[in-house]
Amino acid sequence: MPVAKTVACWRTCLFVKAYSLLSKPCSIFSLALLPLLVAGCGSGGGTAKPVTGSSSTSSVVSSPASSAASSSVVNLGLIKLNQVGFLPAASKLAVVPEVAATAFQLLDSDTHRVVYSGELTSAANWVPAQERVKLADFSGITEPGIYQLRVEGVEDSHSFPIGTEVYRDLAAASIKAFYYNRAGTALLSQHAGIYARQAGHPDTQVYVHGSAASQARPEGTVISSPKGWYDAGDYNKYIVNSGISTYTLLAAYEHFPLLFNEQNLNIPESNDDMPDLLDEILWNLEWMLTMQDPHDGGVYHKLTNKNFDGTVMPHQATSQRYVVQKTTAAALDFAAVMATASRVFAAYEAQRPGLAAQMREAAESAWAWAQTNPAVFYVQPADIRTGEYGDRSLADEFAWAAAELYITTGDDSYYTAMNAAGTENTVSSWGDVRGLAWISLAHHRDNLTDLADQDLIASRVTGLANSLHNTWQASAYRVSMQTNHFVWGSNSVALNQGIVLVQAYRLSGERRYLDAAQSMLDYVLGRNATNIAQVTGFGTRSTLHPHHRPSEADGIEAPIPGFVAGGPNPGQQDRSDCPVSYPSAVTARSYLDHYCSYASNEIAINWNAPLVYLVAAVQALTPVNP
Ligand SMILES: [Ca+2]
Ligand SMILES: [Ca+2]
Ligand SMILES: [Ca+2]
């Protein structure tokens with residue numbers, strides 16, 4: 001077992017992540033602190049053991065099923081497309097290197113018979129990849145089958161399917177990833193297969209940290225706070241990041257219930273009388289409820305070790321756990337999620353009597369706490385070194401919580417508190433959640449009180465979507481990702497952009513928004529500059545070595561499936577902790593498929609949730625008949 005000094009340092013860099021995701025450069029403050037924090041980590045840095053300990057090689061580009069001829073460089077010269085495939089009536093695009101050819105052919109992958117020929121667009125530059133490419137549009141091909149794209153002068157593309165079921169497995173796996181990250185329970189082989197593991201982190205005896213002490217619960221008070229999902233590649237649980245993650249899954253259910261009602265994830269709660277997605281969400285909601293102090297409504301910011309665990313399995317990580325500091329952000333994110341959840345679970349009163357009411361009361365008391373404590377920011381105690389999720393801009397958290405409470409209760413005072421006219425719409429991230437308010441208001445627009453400004457709701461949704469759509473339309477890769485979007489967790493930016501586009505489609509029915517949203521799914525699944533489908537277990541050439549402790553420590557070669565990687569991040573904040581170099585410093589190719597790379601290859605619940613949502617949306621919204 002690695003010794004304590006091999007505690008990974010990626011959370012040190014989450015500290016930086018806090019800044020990068022808020023679209024600020026790393027502050028001098030954070031950079032100045034880095035050496036101090038990293039100093040405690042030993043030579044391994046983010047990697048708790050040498051790469052040779054990995055179950056596979058450290059090669060960045062190798063892949064068992066790669067069709068690439070050369071593995072010595074990232075394959076700039078290849079056709080890039082969604083490797084998981086397309087629904088029959090979907091928009092279908094591929095990126096082709098700048099070659100002399102002006103036409104492309106679609107082949108039947110088995111017979112190599114040409115089934116379609118089309119014109120390539122003229123070449124254009126995609127700035128984030130510094131790459132000139134052409135586009136092939138084969139949206140007109142709707143016949144189910146397995147295909148490849150052929151362009152003279154380039155290797156044939158990966159094989160990919162067109163069919164009605166192409167996203168079925170991905171839709172399930174992206175949710176089951178949360179099951180694999182459950183705290184406090186053993187994963188049995190009947191559900192987890194080769195990824196079965198012992199229970200870790202029961203969290204039934206958690207200490208109230210000094211920073212969280214109150215008269216009713218002084219320092220050292222023992223509370224029980226079981227269940228929940230591990231946040232990311234580490235084993236701690238954070239309310240702020242649980243906020244957007246749990247909400248995004250709840251929104252997926254609110255928007256597309258039919259899809260999930262029929263889904264069987266093969267989890268312990270399968271075959272009960274609750275949709276499996278809701279069962280999985282409850283695993284985290286039940287934990288979140290325990291994070292509220294019943295004496296005052298305040299919510300602890302996180303449940304954590306003092307330091308990060310090494311690269312060990314959950315049951316081997318047995319450090320004492322603490323709840324740390326109540327914060328305004330935690331109270332507001334908690335209030336928003338519980339208000340949302342109480343709407344969703346109101347339909348399951350028979351299965352869970354009283355739960356919806358309990359959640360609503362929990363939301364309202366957390367909101368009340370935040371009203372009396374409107375600016376309690378997270379301050380990392382001296383003896384705690386895990387992730388901070390610090391955020392000093394809370395207008396968006398207030399707006400989001402108010403919007404969800406307004407929708408759930410119908411109380412106009414919450415709409416007033418939201419300050420709708422002063423609340424912009426943005427692509428969401430854990431630290432900027434105002435966009436979630438607009439998603440919920442747009443979805444519930446037919447059931448709001450007269451006070452709600454319907455024109456404003458529509459204009460906020462379409463305004464942001466139009467901006468993304470215009471970028472998409474003008475992009476050589478036909479994606480809405482631009483250079484400044486390549487922050488830590490850039491794949492979640494792409495996915496959350498897709499979610500914004502989906503809202504505009506749901507509001508307007510204009511197909512262009514759905515096509516742009518499809519492109520953002522395509523992007524994560526292979527139509528990106530790395531030519532890697534960045535979800536474990538999916539695509540011909542996909543992420544193999546995520547920064548995820550169980551995936552690294554389990555001794556199984558294949559990574560646990562269904563996790564989206566953080567994605568290209570030119571910040572490369574893990575460079576000094578990695579024994580191999582990134583294959584490229586170019587923005588959209590700055591991705592390292594290695595366990596060491598917490599800055600480009602970690603997994604996180606707030607990155608997987610928008611994958612769940614976007615896959616479901618594309619499946620549910622794409623017309624069945626071409
Ligand atoms: Ca179930
Ligand atoms: Ca914020
Ligand atoms: Ca593994």
# chains A, B, ... in the order shown; residues from 1 in each chain; ligands from 1
call {"tool": "residues_near_ligand", "arguments": {"ligand": "ligand 2", "cutoff": "12 Å", "atoms": "only C-alpha atoms and all ligand atoms", "output": "short mmCIF file (atom, residue, chain, number, x, y, z; two decimals) with all heavy atoms, in the first residue's frame"}}
result
data_model
loop_
_atom_site.label_atom_id
_atom_site.label_comp_id
_atom_site.auth_asym_id
_atom_site.auth_seq_id
_atom_site.Cartn_x
_atom_site.Cartn_y
_atom_site.Cartn_z
N ALA A 18 -10.41 25.62 -9.60
CA ALA A 18 -11.45 26.55 -9.18
C ALA A 18 -11.34 27.84 -9.95
O ALA A 18 -12.33 28.43 -10.36
CB ALA A 18 -11.32 26.82 -7.68
N TYR A 19 -10.12 28.26 -10.18
CA TYR A 19 -9.94 29.52 -10.88
C TYR A 19 -10.12 29.36 -12.38
O TYR A 19 -10.76 30.17 -13.04
CB TYR A 19 -8.55 30.08 -10.57
CG TYR A 19 -8.47 30.60 -9.18
CD1 TYR A 19 -8.21 29.75 -8.12
CD2 TYR A 19 -8.75 31.94 -8.91
CE1 TYR A 19 -8.20 30.22 -6.82
CE2 TYR A 19 -8.74 32.41 -7.61
CZ TYR A 19 -8.46 31.56 -6.57
OH TYR A 19 -8.45 32.01 -5.29
N LEU A 21 -11.92 27.30 -14.03
CA LEU A 21 -13.30 27.10 -14.46
C LEU A 21 -14.10 28.38 -14.32
O LEU A 21 -15.14 28.53 -14.92
CB LEU A 21 -13.95 25.98 -13.65
CG LEU A 21 -13.63 24.59 -14.18
CD1 LEU A 21 -14.45 23.56 -13.45
CD2 LEU A 21 -13.87 24.48 -15.67
N LEU A 22 -13.63 29.26 -13.52
CA LEU A 22 -14.30 30.54 -13.42
C LEU A 22 -13.74 31.52 -14.44
O LEU A 22 -13.90 32.71 -14.34
CB LEU A 22 -14.16 31.09 -12.00
CG LEU A 22 -14.93 30.25 -10.96
CD1 LEU A 22 -14.55 30.67 -9.56
CD2 LEU A 22 -16.42 30.39 -11.16
N SER A 23 -13.04 30.95 -15.42
CA SER A 23 -12.51 31.73 -16.54
C SER A 23 -11.50 32.79 -16.09
O SER A 23 -11.40 33.84 -16.67
CB SER A 23 -13.65 32.41 -17.31
OG SER A 23 -14.53 31.45 -17.79
N VAL A 240 -20.93 21.12 -2.93
CA VAL A 240 -21.04 22.05 -4.06
C VAL A 240 -21.02 21.29 -5.38
O VAL A 240 -21.86 21.53 -6.26
CB VAL A 240 -19.90 23.10 -3.99
CG1 VAL A 240 -19.76 23.83 -5.32
CG2 VAL A 240 -20.20 24.10 -2.87
N ASN A 241 -20.10 20.36 -5.53
CA ASN A 241 -20.05 19.65 -6.81
C ASN A 241 -21.17 18.63 -6.95
O ASN A 241 -21.59 18.30 -8.05
CB ASN A 241 -18.69 18.98 -7.00
CG ASN A 241 -18.40 18.75 -8.47
OD1 ASN A 241 -18.70 19.61 -9.30
ND2 ASN A 241 -17.86 17.60 -8.80
N GLY A 243 -24.02 19.41 -6.16
CA GLY A 243 -25.16 20.24 -6.55
C GLY A 243 -25.46 20.14 -8.03
O GLY A 243 -26.49 19.61 -8.45
N ILE A 244 -24.54 20.60 -8.84
CA ILE A 244 -24.79 20.61 -10.28
C ILE A 244 -24.89 19.18 -10.82
O ILE A 244 -25.69 18.91 -11.72
CB ILE A 244 -23.69 21.42 -11.04
CG1 ILE A 244 -24.04 21.50 -12.54
CG2 ILE A 244 -22.30 20.84 -10.81
CD1 ILE A 244 -23.15 22.44 -13.31
N THR A 328 -22.24 29.23 2.54
CA THR A 328 -23.42 29.72 1.82
C THR A 328 -23.60 28.98 0.50
O THR A 328 -24.72 28.62 0.13
CB THR A 328 -23.28 31.24 1.56
OG1 THR A 328 -22.94 31.89 2.79
CG2 THR A 328 -24.57 31.82 1.02
N ALA A 329 -22.50 28.73 -0.18
CA ALA A 329 -22.60 28.03 -1.47
C ALA A 329 -23.18 26.63 -1.27
O ALA A 329 -24.05 26.20 -2.03
CB ALA A 329 -21.23 27.95 -2.13
N ALA A 330 -22.72 25.95 -0.23
CA ALA A 330 -23.23 24.61 0.02
C ALA A 330 -24.72 24.66 0.35
O ALA A 330 -25.51 23.84 -0.15
CB ALA A 330 -22.46 23.95 1.17
N LEU A 332 -26.94 26.85 -0.59
CA LEU A 332 -27.74 27.21 -1.77
C LEU A 332 -27.79 26.08 -2.79
O LEU A 332 -28.84 25.79 -3.38
CB LEU A 332 -27.19 28.50 -2.39
CG LEU A 332 -27.38 29.74 -1.52
CD1 LEU A 332 -26.56 30.91 -2.08
CD2 LEU A 332 -28.86 30.12 -1.41
N ASP A 333 -26.65 25.45 -3.04
CA ASP A 333 -26.66 24.32 -3.98
C ASP A 333 -27.53 23.19 -3.44
O ASP A 333 -28.28 22.55 -4.17
CB ASP A 333 -25.23 23.82 -4.23
CG ASP A 333 -24.42 24.79 -5.09
OD1 ASP A 333 -25.03 25.57 -5.85
OD2 ASP A 333 -23.18 24.76 -5.00
N ALA A 375 -22.85 35.36 3.06
CA ALA A 375 -21.49 35.49 2.51
C ALA A 375 -20.49 34.69 3.33
O ALA A 375 -19.42 35.18 3.69
CB ALA A 375 -21.09 36.96 2.46
N PHE A 377 -17.96 32.20 2.92
CA PHE A 377 -17.19 31.54 1.85
C PHE A 377 -16.32 30.42 2.44
O PHE A 377 -15.90 30.49 3.60
CB PHE A 377 -16.30 32.56 1.14
CG PHE A 377 -17.07 33.72 0.59
CD1 PHE A 377 -16.80 35.01 1.02
CD2 PHE A 377 -18.07 33.54 -0.36
CE1 PHE A 377 -17.52 36.09 0.52
CE2 PHE A 377 -18.79 34.61 -0.86
CZ PHE A 377 -18.51 35.89 -0.42
N TYR A 389 -13.37 23.54 -3.85
CA TYR A 389 -14.59 24.05 -4.49
C TYR A 389 -14.96 25.40 -3.88
O TYR A 389 -16.10 25.65 -3.49
CB TYR A 389 -15.75 23.05 -4.39
CG TYR A 389 -15.56 21.84 -5.29
CD1 TYR A 389 -15.27 20.58 -4.76
CD2 TYR A 389 -15.66 21.96 -6.68
CE1 TYR A 389 -15.10 19.48 -5.59
CE2 TYR A 389 -15.48 20.87 -7.51
CZ TYR A 389 -15.20 19.63 -6.96
OH TYR A 389 -15.02 18.55 -7.78
N GLY A 390 -13.98 26.26 -3.83
CA GLY A 390 -14.20 27.60 -3.30
C GLY A 390 -14.80 28.50 -4.38
O GLY A 390 -14.47 28.38 -5.55
N ASP A 391 -15.71 29.36 -3.99
CA ASP A 391 -16.41 30.21 -4.95
C ASP A 391 -16.86 31.44 -4.18
O ASP A 391 -17.58 31.32 -3.19
CB ASP A 391 -17.61 29.42 -5.51
CG ASP A 391 -18.46 30.23 -6.47
OD1 ASP A 391 -18.09 31.38 -6.79
OD2 ASP A 391 -19.50 29.70 -6.91
N ARG A 392 -16.44 32.58 -4.62
CA ARG A 392 -16.82 33.81 -3.91
C ARG A 392 -17.87 34.61 -4.66
O ARG A 392 -18.23 35.71 -4.25
CB ARG A 392 -15.57 34.66 -3.64
CG ARG A 392 -14.57 33.94 -2.73
CD ARG A 392 -13.36 34.79 -2.42
NE ARG A 392 -13.65 35.89 -1.50
CZ ARG A 392 -13.67 35.79 -0.17
NH1 ARG A 392 -13.40 34.63 0.42
NH2 ARG A 392 -13.94 36.84 0.58
N SER A 393 -18.35 34.09 -5.80
CA SER A 393 -19.44 34.78 -6.51
C SER A 393 -20.70 33.96 -6.34
O SER A 393 -20.84 32.93 -6.97
CB SER A 393 -19.19 34.83 -7.99
OG SER A 393 -18.33 35.27 -8.38
N LEU A 394 -21.58 34.42 -5.49
CA LEU A 394 -22.72 33.59 -5.14
C LEU A 394 -24.05 34.11 -5.68
O LEU A 394 -25.11 33.53 -5.39
CB LEU A 394 -22.81 33.45 -3.60
CG LEU A 394 -21.57 32.81 -2.93
CD1 LEU A 394 -21.82 32.65 -1.44
CD2 LEU A 394 -21.22 31.48 -3.57
N ALA A 395 -24.03 35.16 -6.49
CA ALA A 395 -25.30 35.64 -7.06
C ALA A 395 -25.95 34.53 -7.88
O ALA A 395 -27.17 34.38 -7.90
CB ALA A 395 -25.05 36.87 -7.93
N ASP A 396 -25.13 33.76 -8.58
CA ASP A 396 -25.68 32.67 -9.42
C ASP A 396 -26.26 31.56 -8.54
O ASP A 396 -27.31 31.00 -8.87
CB ASP A 396 -24.61 32.13 -10.37
CG ASP A 396 -23.36 31.65 -9.66
OD1 ASP A 396 -22.72 32.46 -8.99
OD2 ASP A 396 -23.04 30.45 -9.78
N GLU A 397 -25.62 31.24 -7.42
CA GLU A 397 -26.17 30.21 -6.53
C GLU A 397 -27.50 30.69 -5.91
O GLU A 397 -28.45 29.91 -5.81
CB GLU A 397 -25.17 29.85 -5.42
CG GLU A 397 -24.05 28.89 -5.86
CD GLU A 397 -22.93 29.57 -6.64
OE1 GLU A 397 -22.91 30.82 -6.69
OE2 GLU A 397 -22.07 28.86 -7.22
N PHE A 398 -27.56 31.96 -5.52
CA PHE A 398 -28.83 32.49 -5.00
C PHE A 398 -29.92 32.41 -6.06
O PHE A 398 -31.06 32.01 -5.78
CB PHE A 398 -28.65 33.95 -4.53
CG PHE A 398 -28.17 34.07 -3.11
CD1 PHE A 398 -26.86 34.42 -2.81
CD2 PHE A 398 -29.04 33.84 -2.05
CE1 PHE A 398 -26.41 34.53 -1.51
CE2 PHE A 398 -28.61 33.95 -0.73
CZ PHE A 398 -27.28 34.30 -0.46
N ALA A 399 -29.58 32.79 -7.30
CA ALA A 399 -30.59 32.80 -8.37
C ALA A 399 -31.09 31.38 -8.65
O ALA A 399 -32.30 31.15 -8.83
CB ALA A 399 -29.99 33.42 -9.63
N TRP A 400 -30.15 30.44 -8.69
CA TRP A 400 -30.55 29.07 -9.00
C TRP A 400 -31.45 28.48 -7.91
O TRP A 400 -32.52 27.93 -8.18
CB TRP A 400 -29.30 28.20 -9.21
CG TRP A 400 -29.61 26.76 -9.48
CD1 TRP A 400 -30.66 26.27 -10.22
CD2 TRP A 400 -28.88 25.62 -9.02
NE1 TRP A 400 -30.61 24.89 -10.25
CE2 TRP A 400 -29.54 24.48 -9.53
CE3 TRP A 400 -27.73 25.47 -8.25
CZ2 TRP A 400 -29.08 23.18 -9.26
CZ3 TRP A 400 -27.26 24.18 -7.99
CH2 TRP A 400 -27.94 23.05 -8.49
N ALA A 401 -31.03 28.63 -6.65
CA ALA A 401 -31.83 28.10 -5.54
C ALA A 401 -33.21 28.75 -5.52
O ALA A 401 -34.24 28.07 -5.34
CB ALA A 401 -31.11 28.32 -4.21
N THR A 426 -25.61 31.44 -18.85
CA THR A 426 -24.25 31.04 -19.22
C THR A 426 -24.19 29.52 -19.30
O THR A 426 -25.08 28.83 -18.79
CB THR A 426 -23.22 31.50 -18.15
OG1 THR A 426 -23.62 30.99 -16.88
CG2 THR A 426 -23.12 33.02 -18.08
N SER A 428 -23.16 26.19 -17.95
CA SER A 428 -23.00 25.92 -16.52
C SER A 428 -21.70 25.20 -16.18
O SER A 428 -21.16 24.42 -16.97
CB SER A 428 -24.17 25.06 -16.04
OG SER A 428 -25.39 25.72 -16.29
N SER A 429 -21.24 25.47 -14.98
CA SER A 429 -20.13 24.72 -14.37
C SER A 429 -20.40 24.72 -12.87
O SER A 429 -21.33 25.39 -12.41
CB SER A 429 -18.79 25.40 -14.67
OG SER A 429 -18.75 26.68 -14.06
N TRP A 430 -19.60 24.00 -12.08
CA TRP A 430 -19.94 23.90 -10.66
C TRP A 430 -19.94 25.26 -9.98
O TRP A 430 -20.68 25.47 -9.03
CB TRP A 430 -19.01 22.93 -9.93
CG TRP A 430 -17.58 23.34 -9.87
CD1 TRP A 430 -16.55 22.91 -10.67
CD2 TRP A 430 -16.98 24.27 -8.95
NE1 TRP A 430 -15.38 23.52 -10.32
CE2 TRP A 430 -15.60 24.35 -9.27
CE3 TRP A 430 -17.47 25.04 -7.90
CZ2 TRP A 430 -14.72 25.17 -8.57
CZ3 TRP A 430 -16.59 25.86 -7.20
CH2 TRP A 430 -15.23 25.92 -7.54
N GLY A 431 -19.13 26.17 -10.46
CA GLY A 431 -19.05 27.47 -9.81
C GLY A 431 -19.95 28.52 -10.43
O GLY A 431 -20.02 29.65 -9.94
N ASP A 432 -20.61 28.19 -11.52
CA ASP A 432 -21.51 29.13 -12.19
C ASP A 432 -22.78 28.40 -12.58
O ASP A 432 -22.85 27.73 -13.60
CB ASP A 432 -20.83 29.74 -13.43
CG ASP A 432 -21.75 30.73 -14.13
OD1 ASP A 432 -22.88 30.96 -13.65
OD2 ASP A 432 -21.33 31.30 -15.16
N VAL A 433 -23.78 28.52 -11.73
CA VAL A 433 -24.97 27.67 -11.86
C VAL A 433 -26.22 28.45 -12.29
O VAL A 433 -27.32 27.91 -12.26
CB VAL A 433 -25.24 26.93 -10.53
CG1 VAL A 433 -24.15 25.89 -10.28
CG2 VAL A 433 -25.30 27.91 -9.35
N ARG A 434 -26.03 29.70 -12.72
CA ARG A 434 -27.25 30.47 -13.07
C ARG A 434 -27.96 29.86 -14.28
O ARG A 434 -29.17 29.97 -14.40
CB ARG A 434 -26.91 31.94 -13.29
CG ARG A 434 -26.02 32.22 -14.48
CD ARG A 434 -25.42 33.61 -14.39
NE ARG A 434 -23.97 33.47 -14.37
CZ ARG A 434 -23.13 34.47 -14.57
NH1 ARG A 434 -23.58 35.70 -14.75
NH2 ARG A 434 -21.84 34.25 -14.57
N GLY A 435 -27.19 29.22 -15.18
CA GLY A 435 -27.81 28.61 -16.35
C GLY A 435 -28.80 27.51 -15.97
O GLY A 435 -29.75 27.23 -16.70
N LEU A 436 -28.57 26.88 -14.81
CA LEU A 436 -29.47 25.81 -14.38
C LEU A 436 -30.85 26.38 -14.05
O LEU A 436 -31.87 25.73 -14.27
CB LEU A 436 -28.88 25.08 -13.17
CG LEU A 436 -27.44 24.56 -13.36
CD1 LEU A 436 -26.96 23.86 -12.09
CD2 LEU A 436 -27.34 23.63 -14.56
#
call {"tool": "residues_around", "arguments": {"residues": "Gln358 in chain A", "least_positions_apart": "6", "cutoff": "12 Å", "atoms": "only C-alpha atoms", "output": "PDB file with C-alpha atoms, in the first residue's frame"}}
result
ATOM      1  CA  LEU A 285     -29.502  12.618  -2.190  1.00  0.00           C
ATOM      2  CA  GLU A 286     -29.705  10.498   0.950  1.00  0.00           C
ATOM      3  CA  LEU A 289     -29.632  15.158   3.432  1.00  0.00           C
ATOM      4  CA  THR A 290     -27.276  14.048   6.208  1.00  0.00           C
ATOM      5  CA  PRO A 294     -30.924  19.846  11.655  1.00  0.00           C
ATOM      6  CA  ALA A 335     -31.473  24.022  -1.482  1.00  0.00           C
ATOM      7  CA  MET A 338     -33.544  19.385  -2.781  1.00  0.00           C
ATOM      8  CA  ALA A 339     -36.211  21.653  -4.258  1.00  0.00           C
ATOM      9  CA  ALA A 341     -35.711  16.504  -6.079  1.00  0.00           C
ATOM     10  CA  SER A 342     -38.892  17.126  -4.125  1.00  0.00           C
ATOM     11  CA  ARG A 343     -40.686  17.787  -7.442  1.00  0.00           C
ATOM     12  CA  PHE A 345     -39.970  12.349  -6.024  1.00  0.00           C
ATOM     13  CA  ALA A 346     -43.464  13.695  -5.413  1.00  0.00           C
ATOM     14  CA  GLU A 349     -44.937   9.103  -2.625  1.00  0.00           C
ATOM     15  CA  ARG A 352     -41.014   6.691  -0.416  1.00  0.00           C
ATOM     16  CA  GLU A 364     -36.428  25.795   2.548  1.00  0.00           C
ATOM     17  CA  SER A 365     -34.431  25.621   5.753  1.00  0.00           C
TER      18      SER A 365
END
call {"tool": "closest_residue", "arguments": {"among": "A:Glu404, A:Phe160, A:Pro144, A:Ala136", "to": "Asn625 in chain A", "atoms": "only C-alpha atoms"}}
result
A:Pro144
call {"tool": "select_by_dssp", "arguments": {"residues": "range 308-532 of chain A", "states": "helix (DSSP H, G or I)", "output": "ChimeraX atom specification"}}
result
/A:314-316,328-348,355-372,395-409,412-418,420-422,434-443,445-447,454-474,483-485,490-508,511-524
call {"tool": "closest_residue", "arguments": {"among": "A:Ser139, A:Thr248, A:Asn266, A:Thr587", "to": "ligand 1", "atoms": "only C-alpha atoms and all ligand atoms"}}
result
A:Asn266
